[in-house]
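Everything below belongs to upload06.cif, which stores mmCIF, C-alpha atoms.
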data_entry
#
loop_
_atom_site.group_PDB
_atom_site.id
_atom_site.type_symbol
_atom_site.label_atom_id
_atom_site.label_comp_id
_atom_site.auth_asym_id
_atom_site.auth_seq_id
_atom_site.Cartn_x
_atom_site.Cartn_y
_atom_site.Cartn_z
ATOM 1 C CA MET T 1 61.309 30.558 -57.502
ATOM 2 C CA GLN T 2 61.886 26.889 -56.879
ATOM 3 C CA LEU T 3 61.488 24.386 -59.675
ATOM 4 C CA ARG T 4 58.402 22.683 -58.228
ATOM 5 C CA HIS T 5 56.596 25.960 -57.938
ATOM 6 C CA VAL T 6 57.293 26.672 -61.545
ATOM 7 C CA ILE T 7 55.960 23.273 -62.592
ATOM 8 C CA PHE T 8 52.704 23.710 -60.627
ATOM 9 C CA ALA T 9 52.167 27.171 -62.030
ATOM 10 C CA GLY T 10 52.696 25.920 -65.530
ATOM 11 C CA LEU T 11 50.204 23.069 -65.141
ATOM 12 C CA ALA T 12 47.631 25.469 -63.784
ATOM 13 C CA ALA T 13 48.080 27.813 -66.714
ATOM 14 C CA ILE T 14 47.727 24.996 -69.225
ATOM 15 C CA ALA T 15 44.567 23.707 -67.576
ATOM 16 C CA THR T 16 43.049 27.165 -67.571
ATOM 17 C CA GLN T 17 43.926 27.836 -71.174
ATOM 18 C CA PHE T 18 42.676 24.586 -72.653
ATOM 19 C CA ASP T 19 39.898 23.648 -70.103
ATOM 20 C CA LEU T 20 41.019 20.013 -69.936
ATOM 21 C CA PRO T 21 38.066 17.697 -69.155
ATOM 22 C CA ALA T 22 40.244 15.479 -67.032
ATOM 23 C CA MET T 23 40.735 18.292 -64.554
ATOM 24 C CA ARG T 24 37.029 18.586 -63.523
ATOM 25 C CA TYR T 25 34.224 16.031 -62.519
ATOM 26 C CA ALA T 26 31.716 14.878 -65.086
ATOM 27 C CA ALA T 27 28.878 12.456 -64.322
ATOM 28 C CA PRO T 28 29.175 9.161 -66.170
ATOM 29 C CA ALA T 29 26.899 8.862 -69.122
ATOM 30 C CA ASP T 30 25.205 5.731 -67.739
ATOM 31 C CA ALA T 31 24.488 7.129 -64.188
ATOM 32 C CA ALA T 32 21.267 5.711 -62.637
ATOM 33 C CA THR T 33 18.156 7.857 -62.692
ATOM 34 C CA LEU T 34 14.570 7.511 -61.387
ATOM 35 C CA SER T 35 11.782 7.773 -63.894
ATOM 36 C CA ALA T 36 8.503 9.507 -63.172
ATOM 37 C CA GLU T 37 6.796 6.120 -63.185
ATOM 38 C CA GLN T 38 9.202 4.777 -60.549
ATOM 39 C CA LEU T 39 8.736 7.836 -58.412
ATOM 40 C CA ALA T 40 4.949 7.418 -58.665
ATOM 41 C CA VAL T 41 5.187 3.766 -57.557
ATOM 42 C CA PHE T 42 7.447 4.630 -54.630
ATOM 43 C CA GLN T 43 5.209 7.524 -53.639
ATOM 44 C CA SER T 44 2.175 5.215 -53.719
ATOM 45 C CA LYS T 45 3.930 2.729 -51.436
ATOM 46 C CA LEU T 46 4.831 5.551 -49.095
ATOM 47 C CA GLU T 47 1.218 6.718 -48.959
ATOM 48 C CA GLN T 48 0.022 3.153 -48.317
ATOM 49 C CA ALA T 49 2.508 2.858 -45.463
ATOM 50 C CA GLU T 50 1.330 6.134 -43.996
ATOM 51 C CA ALA T 51 -2.278 4.957 -44.290
ATOM 52 C CA SER T 52 -1.393 1.693 -42.531
ATOM 53 C CA ARG T 53 0.356 3.646 -39.810
ATOM 54 C CA GLU T 54 -2.721 5.821 -39.355
ATOM 55 C CA LEU T 55 -4.910 2.730 -39.235
ATOM 56 C CA LEU T 56 -2.789 1.192 -36.493
ATOM 57 C CA GLY T 57 -2.717 4.504 -34.641
ATOM 58 C CA ARG T 58 -6.493 4.735 -34.677
ATOM 59 C CA ARG T 59 -6.810 1.145 -33.466
ATOM 60 C CA SER T 60 -4.380 1.872 -30.633
ATOM 61 C CA VAL T 61 -6.387 4.924 -29.557
ATOM 62 C CA CYS T 62 -9.678 3.008 -29.838
ATOM 63 C CA LEU T 63 -8.351 0.071 -27.841
ATOM 64 C CA MET T 64 -7.041 2.478 -25.220
ATOM 65 C CA GLU T 65 -10.527 3.978 -24.901
ATOM 66 C CA HIS T 66 -11.978 0.485 -24.607
ATOM 67 C CA LEU T 67 -9.320 -0.338 -22.009
ATOM 68 C CA THR T 68 -10.306 2.725 -19.964
ATOM 69 C CA ALA T 69 -13.959 1.665 -20.117
ATOM 70 C CA GLN T 70 -13.074 -1.896 -19.084
ATOM 71 C CA GLN T 71 -11.015 -0.607 -16.178
ATOM 72 C CA GLN T 72 -13.997 1.437 -14.980
ATOM 73 C CA ILE T 73 -16.283 -1.580 -15.296
ATOM 74 C CA SER T 74 -13.729 -3.648 -13.403
ATOM 75 C CA ALA T 75 -13.613 -1.032 -10.633
ATOM 76 C CA ASP T 76 -17.425 -1.106 -10.413
ATOM 77 C CA ARG T 77 -17.363 -4.885 -10.275
ATOM 78 C CA GLU T 78 -14.709 -4.784 -7.569
ATOM 79 C CA LYS T 79 -16.960 -2.490 -5.557
ATOM 80 C CA ALA T 80 -19.949 -4.776 -6.115
ATOM 81 C CA LEU T 81 -17.768 -7.731 -5.141
ATOM 82 C CA GLY T 82 -16.911 -6.070 -1.840
ATOM 83 C CA GLN T 83 -20.560 -5.256 -1.166
ATOM 84 C CA ALA T 84 -21.615 -8.815 -1.992
ATOM 85 C CA LYS T 85 -18.944 -10.178 0.328
ATOM 86 C CA TYR T 86 -20.068 -7.876 3.150
ATOM 87 C CA LEU T 87 -23.706 -8.861 2.575
ATOM 88 C CA GLN T 88 -22.730 -12.525 2.547
ATOM 89 C CA ILE T 89 -20.951 -12.190 5.885
ATOM 90 C CA GLU T 90 -23.923 -10.320 7.384
ATOM 91 C CA LEU T 91 -26.430 -12.892 6.106
ATOM 92 C CA GLU T 92 -24.299 -15.752 7.406
ATOM 93 C CA ARG T 93 -24.464 -14.072 10.821
ATOM 94 C CA GLN T 94 -28.229 -13.687 10.508
ATOM 95 C CA VAL T 95 -28.629 -17.324 9.458
ATOM 96 C CA VAL T 96 -26.697 -18.472 12.528
ATOM 97 C CA GLN T 97 -28.823 -16.191 14.676
ATOM 98 C CA SER T 98 -32.050 -17.460 13.072
ATOM 99 C CA GLU T 99 -30.969 -21.067 13.517
ATOM 100 C CA SER T 100 -30.365 -20.346 17.184
ATOM 101 C CA SER T 101 -33.795 -18.698 17.453
ATOM 102 C CA VAL T 102 -35.451 -21.674 15.762
ATOM 103 C CA LYS T 103 -33.794 -24.067 18.172
ATOM 104 C CA GLY T 104 -34.849 -21.922 21.117
ATOM 105 C CA TYR T 105 -38.481 -21.785 19.979
ATOM 106 C CA GLU T 106 -38.471 -25.495 19.163
ATOM 107 C CA ASP T 107 -37.404 -26.112 22.757
ATOM 108 C CA LEU T 108 -40.105 -23.709 23.948
ATOM 109 C CA VAL T 109 -42.793 -25.429 21.864
ATOM 110 C CA ARG T 110 -41.630 -28.780 23.178
ATOM 111 C CA SER T 111 -41.773 -27.504 26.757
ATOM 112 C CA GLU T 112 -45.183 -25.888 26.305
ATOM 113 C CA SER T 113 -46.496 -29.024 24.637
ATOM 114 C CA GLU T 114 -45.376 -31.098 27.565
ATOM 115 C CA ASN T 115 -46.931 -28.561 29.939
ATOM 116 C CA VAL T 116 -50.213 -28.652 28.038
ATOM 117 C CA ARG T 117 -50.257 -32.446 28.110
ATOM 118 C CA ALA T 118 -49.560 -32.429 31.832
ATOM 119 C CA ARG T 119 -52.224 -29.776 32.497
ATOM 120 C CA GLN T 120 -54.651 -31.645 30.283
ATOM 121 C CA ALA T 121 -53.997 -34.874 32.166
ATOM 122 C CA THR T 122 -54.568 -33.089 35.458
ATOM 123 C CA PHE T 123 -57.738 -31.526 34.113
ATOM 124 C CA GLU T 124 -59.010 -34.842 32.777
ATOM 125 C CA LYS T 125 -58.280 -36.466 36.118
ATOM 126 C CA ALA T 126 -60.131 -33.694 37.909
ATOM 127 C CA ARG T 127 -63.068 -34.066 35.569
ATOM 128 C CA ARG T 128 -63.209 -37.793 36.250
ATOM 129 C CA GLU T 129 -63.042 -37.079 39.923
ATOM 130 C CA ARG T 130 -65.901 -34.639 39.513
ATOM 131 C CA ASP T 131 -67.987 -37.219 37.688
ATOM 132 C CA GLU T 132 -67.215 -39.802 40.327
ATOM 133 C CA GLN T 133 -68.090 -37.299 43.019
ATOM 134 C CA ALA T 134 -71.414 -36.623 41.342
ATOM 135 C CA LYS T 135 -72.009 -40.373 41.168
ATOM 136 C CA ARG T 136 -71.211 -40.762 44.849
ATOM 137 C CA VAL T 137 -73.638 -37.945 45.712
ATOM 138 C CA ARG T 138 -76.375 -39.671 43.768
ATOM 139 C CA ILE T 139 -75.666 -42.959 45.508
ATOM 140 C CA CYS T 140 -75.516 -41.224 48.850
ATOM 141 C CA SER T 141 -78.790 -39.452 48.183
ATOM 142 C CA GLY T 142 -80.385 -42.739 47.244
ATOM 143 C CA VAL T 143 -79.192 -44.507 50.348
ATOM 144 C CA LEU T 144 -79.537 -41.669 52.804
ATOM 145 C CA PHE T 145 -82.607 -40.172 51.270
ATOM 146 C CA PHE T 146 -83.919 -39.495 54.718
ATOM 147 C CA LEU T 147 -80.842 -37.339 55.413
ATOM 148 C CA PRO T 148 -80.296 -35.495 52.140
ATOM 149 C CA GLY T 149 -78.399 -32.647 53.681
ATOM 150 C CA ILE T 150 -75.439 -34.865 54.601
ATOM 151 C CA CYS T 151 -74.686 -35.832 50.977
ATOM 152 C CA GLN T 152 -74.903 -32.239 49.682
ATOM 153 C CA ALA T 153 -72.736 -31.024 52.544
ATOM 154 C CA GLY T 154 -70.002 -33.540 51.629
ATOM 155 C CA ASP T 155 -70.147 -32.535 47.980
ATOM 156 C CA ALA T 156 -69.932 -28.864 48.913
ATOM 157 C CA ALA T 157 -66.927 -29.539 51.141
ATOM 158 C CA VAL T 158 -65.053 -31.283 48.320
ATOM 159 C CA LYS T 159 -65.843 -28.519 45.818
ATOM 160 C CA ALA T 160 -64.725 -25.892 48.324
ATOM 161 C CA PHE T 161 -61.124 -26.952 47.784
ATOM 162 C CA GLY T 162 -61.389 -25.674 44.134
ATOM 163 C CA TRP T 163 -59.008 -28.281 42.700
ATOM 164 C CA MET T 164 -61.306 -28.820 39.723
ATOM 165 C CA ASN T 165 -61.377 -25.129 38.876
ATOM 166 C CA ASP T 166 -57.624 -24.779 39.305
ATOM 167 C CA ALA T 167 -56.903 -27.686 36.958
ATOM 168 C CA GLU T 168 -59.196 -26.334 34.290
ATOM 169 C CA ARG T 169 -57.762 -22.816 34.610
ATOM 170 C CA ASP T 170 -54.203 -24.083 34.352
ATOM 171 C CA TYR T 171 -55.095 -26.133 31.286
ATOM 172 C CA ARG T 172 -56.938 -23.275 29.582
ATOM 173 C CA THR T 173 -54.004 -20.929 30.335
ATOM 174 C CA ALA T 174 -51.401 -23.347 28.934
ATOM 175 C CA LEU T 175 -53.113 -23.651 25.537
ATOM 176 C CA PRO T 176 -52.555 -20.014 24.384
ATOM 177 C CA ARG T 177 -48.933 -20.161 25.481
ATOM 178 C CA LEU T 178 -48.449 -23.212 23.291
ATOM 179 C CA ASP T 179 -50.174 -21.487 20.373
ATOM 180 C CA ASN T 180 -47.990 -18.418 20.830
ATOM 181 C CA ALA T 181 -44.847 -20.521 20.939
ATOM 182 C CA ARG T 182 -45.868 -22.363 17.764
ATOM 183 C CA SER T 183 -46.647 -19.084 16.006
ATOM 184 C CA ALA T 184 -43.294 -17.645 17.053
ATOM 185 C CA LEU T 185 -41.545 -20.808 15.860
ATOM 186 C CA GLU T 186 -43.212 -20.525 12.482
ATOM 187 C CA GLY T 187 -42.098 -16.876 12.264
ATOM 188 C CA VAL T 188 -38.440 -17.585 13.025
ATOM 189 C CA ARG T 189 -38.483 -20.560 10.644
ATOM 190 C CA ASN T 190 -39.792 -18.299 7.884
ATOM 191 C CA GLN T 191 -37.100 -15.773 8.747
ATOM 192 C CA LEU T 192 -34.473 -18.516 8.618
ATOM 193 C CA ASP T 193 -35.701 -19.661 5.209
ATOM 194 C CA ASN T 194 -35.666 -16.077 3.972
ATOM 195 C CA ASN T 195 -32.150 -15.503 5.305
ATOM 196 C CA ARG T 196 -30.949 -18.698 3.681
ATOM 197 C CA ARG T 197 -32.435 -17.669 0.322
ATOM 198 C CA GLN T 198 -30.808 -14.253 0.604
ATOM 199 C CA LEU T 199 -27.517 -15.871 1.581
ATOM 200 C CA ALA T 200 -27.656 -18.187 -1.434
ATOM 201 C CA ALA T 201 -28.365 -15.196 -3.689
ATOM 202 C CA ALA T 202 -25.508 -13.242 -2.091
ATOM 203 C CA LYS T 203 -23.120 -16.150 -2.613
ATOM 204 C CA GLN T 204 -24.183 -16.410 -6.243
ATOM 205 C CA SER T 205 -23.765 -12.654 -6.696
ATOM 206 C CA HIS T 206 -20.341 -12.814 -5.081
ATOM 207 C CA ALA T 207 -19.301 -15.677 -7.339
ATOM 208 C CA GLU T 208 -20.608 -13.893 -10.444
ATOM 209 C CA ASN T 209 -18.810 -10.660 -9.564
ATOM 210 C CA GLU T 210 -15.654 -12.578 -8.717
ATOM 211 C CA ASN T 211 -15.737 -14.352 -12.088
ATOM 212 C CA ALA T 212 -16.549 -11.068 -13.848
ATOM 213 C CA VAL T 213 -13.608 -9.314 -12.186
ATOM 214 C CA LYS T 214 -11.314 -12.183 -13.126
ATOM 215 C CA THR T 215 -12.534 -12.115 -16.734
ATOM 216 C CA LEU T 216 -12.198 -8.330 -16.915
ATOM 217 C CA GLU T 217 -8.671 -8.441 -15.501
ATOM 218 C CA GLU T 218 -7.716 -11.018 -18.121
ATOM 219 C CA GLN T 219 -9.241 -8.836 -20.842
ATOM 220 C CA ILE T 220 -7.458 -5.765 -19.499
ATOM 221 C CA THR T 221 -4.143 -7.627 -19.547
ATOM 222 C CA ARG T 222 -4.712 -8.719 -23.156
ATOM 223 C CA LEU T 223 -5.782 -5.195 -24.146
ATOM 224 C CA LYS T 224 -2.644 -3.705 -22.633
ATOM 225 C CA ALA T 225 -0.489 -6.273 -24.421
ATOM 226 C CA ALA T 226 -2.238 -5.631 -27.760
ATOM 227 C CA ILE T 227 -1.924 -1.849 -27.386
ATOM 228 C CA SER T 228 1.769 -2.171 -26.554
ATOM 229 C CA THR T 229 2.373 -4.445 -29.552
ATOM 230 C CA ILE T 230 0.508 -2.092 -31.896
ATOM 231 C CA ASN T 231 2.429 0.910 -30.587
ATOM 232 C CA VAL T 232 5.701 -0.875 -31.263
ATOM 233 C CA LYS T 233 4.502 -1.563 -34.799
ATOM 234 C CA VAL T 234 3.562 2.113 -35.201
ATOM 235 C CA GLN T 235 7.092 3.039 -34.156
ATOM 236 C CA ASP T 236 8.422 0.631 -36.775
ATOM 237 C CA PHE T 237 6.278 2.432 -39.344
ATOM 238 C CA ASN T 238 7.509 5.797 -38.118
ATOM 239 C CA THR T 239 11.100 4.700 -38.591
ATOM 240 C CA GLN T 240 10.537 3.076 -41.955
ATOM 241 C CA VAL T 241 8.373 5.899 -43.316
ATOM 242 C CA GLY T 242 10.949 8.441 -42.176
ATOM 243 C CA ASN T 243 13.824 6.543 -43.734
ATOM 244 C CA PHE T 244 11.932 5.903 -46.947
ATOM 245 C CA THR T 245 10.794 9.524 -47.190
ATOM 246 C CA ASN T 246 14.359 10.789 -46.820
ATOM 247 C CA ALA T 247 15.758 8.223 -49.239
ATOM 248 C CA LEU T 248 13.085 9.028 -51.798
ATOM 249 C CA LYS T 249 13.808 12.734 -51.419
ATOM 250 C CA GLU T 250 17.503 12.171 -52.035
ATOM 251 C CA ALA T 251 16.724 9.913 -54.994
ATOM 252 C CA ARG T 252 14.804 12.717 -56.653
ATOM 253 C CA GLU T 253 18.047 14.640 -57.107
ATOM 254 C CA VAL T 254 19.526 14.900 -60.612
ATOM 255 C CA ASN T 255 21.742 11.977 -61.495
ATOM 256 C CA PRO T 256 21.681 10.156 -58.148
ATOM 257 C CA ASP T 257 24.327 7.525 -57.685
ATOM 258 C CA ASP T 258 23.651 3.801 -57.727
ATOM 259 C CA ALA T 259 23.946 3.494 -53.933
ATOM 260 C CA LYS T 260 21.004 5.803 -53.391
ATOM 261 C CA ILE T 261 18.925 3.909 -55.931
ATOM 262 C CA ARG T 262 19.729 0.632 -54.230
ATOM 263 C CA GLN T 263 18.804 2.133 -50.867
ATOM 264 C CA VAL T 264 15.437 3.307 -52.218
ATOM 265 C CA ASN T 265 14.734 -0.130 -53.682
ATOM 266 C CA ARG T 266 15.689 -1.839 -50.419
ATOM 267 C CA LEU T 267 13.580 0.467 -48.287
ATOM 268 C CA SER T 268 10.730 0.149 -50.759
ATOM 269 C CA ALA T 269 10.746 -3.622 -50.362
ATOM 270 C CA GLU T 270 10.911 -3.343 -46.560
ATOM 271 C CA ILE T 271 8.070 -0.856 -46.293
ATOM 272 C CA ASP T 272 6.037 -2.869 -48.768
ATOM 273 C CA GLY T 273 6.446 -5.958 -46.584
ATOM 274 C CA LEU T 274 5.613 -3.941 -43.483
ATOM 275 C CA THR T 275 2.428 -2.624 -45.086
ATOM 276 C CA SER T 276 1.278 -5.925 -46.561
ATOM 277 C CA ASP T 277 1.731 -7.618 -43.173
ATOM 278 C CA VAL T 278 -0.714 -5.261 -41.390
ATOM 279 C CA PRO T 279 -3.909 -7.377 -41.820
ATOM 280 C CA GLN T 280 -2.189 -10.507 -40.492
ATOM 281 C CA PHE T 281 -0.554 -8.482 -37.728
ATOM 282 C CA ILE T 282 -3.916 -7.066 -36.618
ATOM 283 C CA SER T 283 -5.551 -10.491 -36.743
ATOM 284 C CA SER T 284 -2.877 -12.159 -34.623
ATOM 285 C CA THR T 285 -2.448 -9.244 -32.207
ATOM 286 C CA GLU T 286 -6.166 -8.887 -31.521
ATOM 287 C CA ALA T 287 -6.970 -12.609 -31.544
ATOM 288 C CA GLY T 288 -7.531 -12.816 -27.779
ATOM 289 C CA LEU T 289 -9.430 -9.557 -27.393
ATOM 290 C CA PRO T 290 -13.153 -9.373 -26.530
ATOM 291 C CA ASP T 291 -15.492 -9.418 -29.511
ATOM 292 C CA ASP T 292 -16.947 -6.025 -28.616
ATOM 293 C CA ALA T 293 -13.470 -4.465 -28.649
ATOM 294 C CA LYS T 294 -12.651 -5.947 -32.049
ATOM 295 C CA LYS T 295 -16.004 -4.864 -33.415
ATOM 296 C CA GLN T 296 -15.741 -1.371 -31.976
ATOM 297 C CA CYS T 297 -12.170 -0.788 -33.147
ATOM 298 C CA GLY T 298 -12.328 -2.727 -36.385
ATOM 299 C CA SER T 299 -14.471 -0.214 -38.246
#
Written form, structure tokens:
Amino acid sequence: MQLRHVIFAGLAAIATQFDLPAMRYAAPADAATLSAEQLAVFQSKLEQAEASRELLGRRSVCLMEHLTAQQQISADREKALGQAKYLQIELERQVVQSESSVKGYEDLVRSESENVRARQATFEKARRERDEQAKRVRICSGVLFFLPGICQAGDAAVKAFGWMNDAERDYRTALPRLDNARSALEGVRNQLDNNRRQLAAAKQSHAENENAVKTLEEQITRLKAAISTINVKVQDFNTQVGNFTNALKEAREVNPDDAKIRQVNRLSAEIDGLTSDVPQFISSTEAGLPDDAKKQCGS
């Protein structure tokens, strides 16, 4: 046997015989330990962090539900916006058509008015002629009283032409046409006014729906941003809670070393800061959200 083998064998025998403390590990007498009170404090912080994480998770789910509702409302508004735009285009066409009809009937009323005035003038002239003819017959009868048949024959010859009757008939016929034209003009004017009122209402509806869609899209964008920010914060909690849970579990072991204690203290401070920041985080994250969303998800 070589000398070194002999030496190693001898040292092993001595160590076995006398159980030398230097040959085995012994924990230092002043090794760090966690008291029950410390463990209770850390456990309380862990539970508070888990509660904060649950709170943020519920808010994220609630805001997502509100987002879905807002998206449906926005889709309905988009549909209403399209219908209002179509109605506006149709009413603009009807207004143009009614304006054209009004102009046409105004021209017709003007033409019929001129025709009535002309027929009335002709009729009035014929009536004067008739009166003058009657006067001439009376004069003739007074002068030629001894030949009365001559005067009546002349009057009968003039009346046989029928110009007086024709003038009166034309005048009487022109009056109803003028009345009809005026009535039709009033009807198309009323239709034009009605179309213009409907067009104004359609334009207002279109503008309201357009503004509503714009507002809803802005709200949807802010909701998405808030949900994303909250979800990131939830992930931060997941990481911190997981790390703190593992560190606390390791720190429960008998005679943990100082490094583990320091890690628990560090993680405790971090998770405490994360938890205490939740109210301010919620306030800043949800600052631009609609009041109904904050009220609905804040309970």
Notebook entry, point to check: Please, what distance in Å, to one decimal, runs between CA of Ala75 (chain T) and CA of Val213 (chain T)?
Noted result: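 Calculated distance between CA of Ala75 (chain T) and CA of Val213 (chain T) is 8.4 Å.
Evaluated against this file, the PyMOL selection byres ((chain T and resi 91) around 12) yields Ala84, Lys85, Tyr86, Leu87, Gln88, Ile89, Glu90, Glu92, Arg93, Gln94, Val95, Val96, Gln97, Ser98, Glu99, Gln191, Leu192, Asp193, Asn194, Asn195, Arg196, Arg197, Gln198, Leu199, Ala200, Ala201, Ala202 and Lys203 of chain T.
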Go ahead and save the residues from that selection, with C-alpha atoms, as a compact mmCIF listing (two decimals), keeping the file's coordinate frame.
# COMPACT_ATOMS: atom_id res chain seq x y z
CA ALA T 84 -21.62 -8.82 -1.99
CA LYS T 85 -18.94 -10.18 0.33
CA TYR T 86 -20.07 -7.88 3.15
CA LEU T 87 -23.71 -8.86 2.58
CA GLN T 88 -22.73 -12.52 2.55
CA ILE T 89 -20.95 -12.19 5.88
CA GLU T 90 -23.92 -10.32 7.38
CA GLU T 92 -24.30 -15.75 7.41
CA ARG T 93 -24.46 -14.07 10.82
CA GLN T 94 -28.23 -13.69 10.51
CA VAL T 95 -28.63 -17.32 9.46
CA VAL T 96 -26.70 -18.47 12.53
CA GLN T 97 -28.82 -16.19 14.68
CA SER T 98 -32.05 -17.46 13.07
CA GLU T 99 -30.97 -21.07 13.52
CA GLN T 191 -37.10 -15.77 8.75
CA LEU T 192 -34.47 -18.52 8.62
CA ASP T 193 -35.70 -19.66 5.21
CA ASN T 194 -35.67 -16.08 3.97
CA ASN T 195 -32.15 -15.50 5.30
CA ARG T 196 -30.95 -18.70 3.68
CA ARG T 197 -32.44 -17.67 0.32
CA GLN T 198 -30.81 -14.25 0.60
CA LEU T 199 -27.52 -15.87 1.58
CA ALA T 200 -27.66 -18.19 -1.43
CA ALA T 201 -28.36 -15.20 -3.69
CA ALA T 202 -25.51 -13.24 -2.09
CA LYS T 203 -23.12 -16.15 -2.61
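The coordinates place CA of Phe281 (chain T) at 15.2 Å from CA of Leu63 (chain T).
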Margin query: I'd like to know which of T:Val41, T:Cys62, T:Ile73, T:Ala184 is closest to Ile220 (chain T), using only C-alpha atoms.
Written below: T:Ile73
Margin query: Suppose a student applies the PyMOL selection byres ((chain T and resi 261-274) around 9) to this structure; what residues should they get, written as a list in words?
Written below: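 Selection result, ordered by chain and number: Ala32, Thr33, Leu34, Phe42, Lys45, Leu46, Gln48, Ala49, Asp236, Phe237, Gln240, Val241, Asn243, Phe244, Ala247, Leu248, Ala251, Pro256, Asp257, Asp258, Ala259, Lys260, Thr275, Ser276, Asp277 and Val278 of chain T.
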Notebook entry, point to check: What is the CA of Glu168 (chain T) to CA of Ala121 (chain T) distance in Å?
Noted result: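 We find that CA of Glu168 (chain T) and CA of Ala121 (chain T) lie 10.2 Å from each other.
Residues matched by the PyMOL selection byres ((chain T and resi 109) around 10) in this file are T:Lys103, T:Gly104, T:Tyr105, T:Glu106, T:Asp107, T:Leu108, T:Arg110, T:Ser111, T:Glu112, T:Ser113, T:Glu114, T:Asn115, T:Arg177, T:Leu178, T:Asp179, T:Asn180, T:Ala181, T:Arg182, T:Ser183, T:Ala184, T:Leu185.
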Item checked: For Gln71 (chain T), the nearest of the candidates T:Ser35, T:Ser52, T:Gln219, T:Gln204, counting all atoms listed in the file ->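 Among the listed residues, the smallest separation from Gln71 (chain T) belongs to T:Gln219.
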Box in all listed atoms of region 200-211 of chain T, axis-aligned, with 3 Å more on each side; write out centre and edge lengths in Å to one decimal as AutoDock Vina command-line options.
--center_x -22.0 --center_y -14.4 --center_z -6.8 --size_x 18.7 --size_y 13.5 --size_z 16.7
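With distances taken over all atoms listed in the file, T:Val188 is the one residue among T:Ile227, T:Val234, T:Ile282, T:Val188 lying closest to Val102 (chain T).
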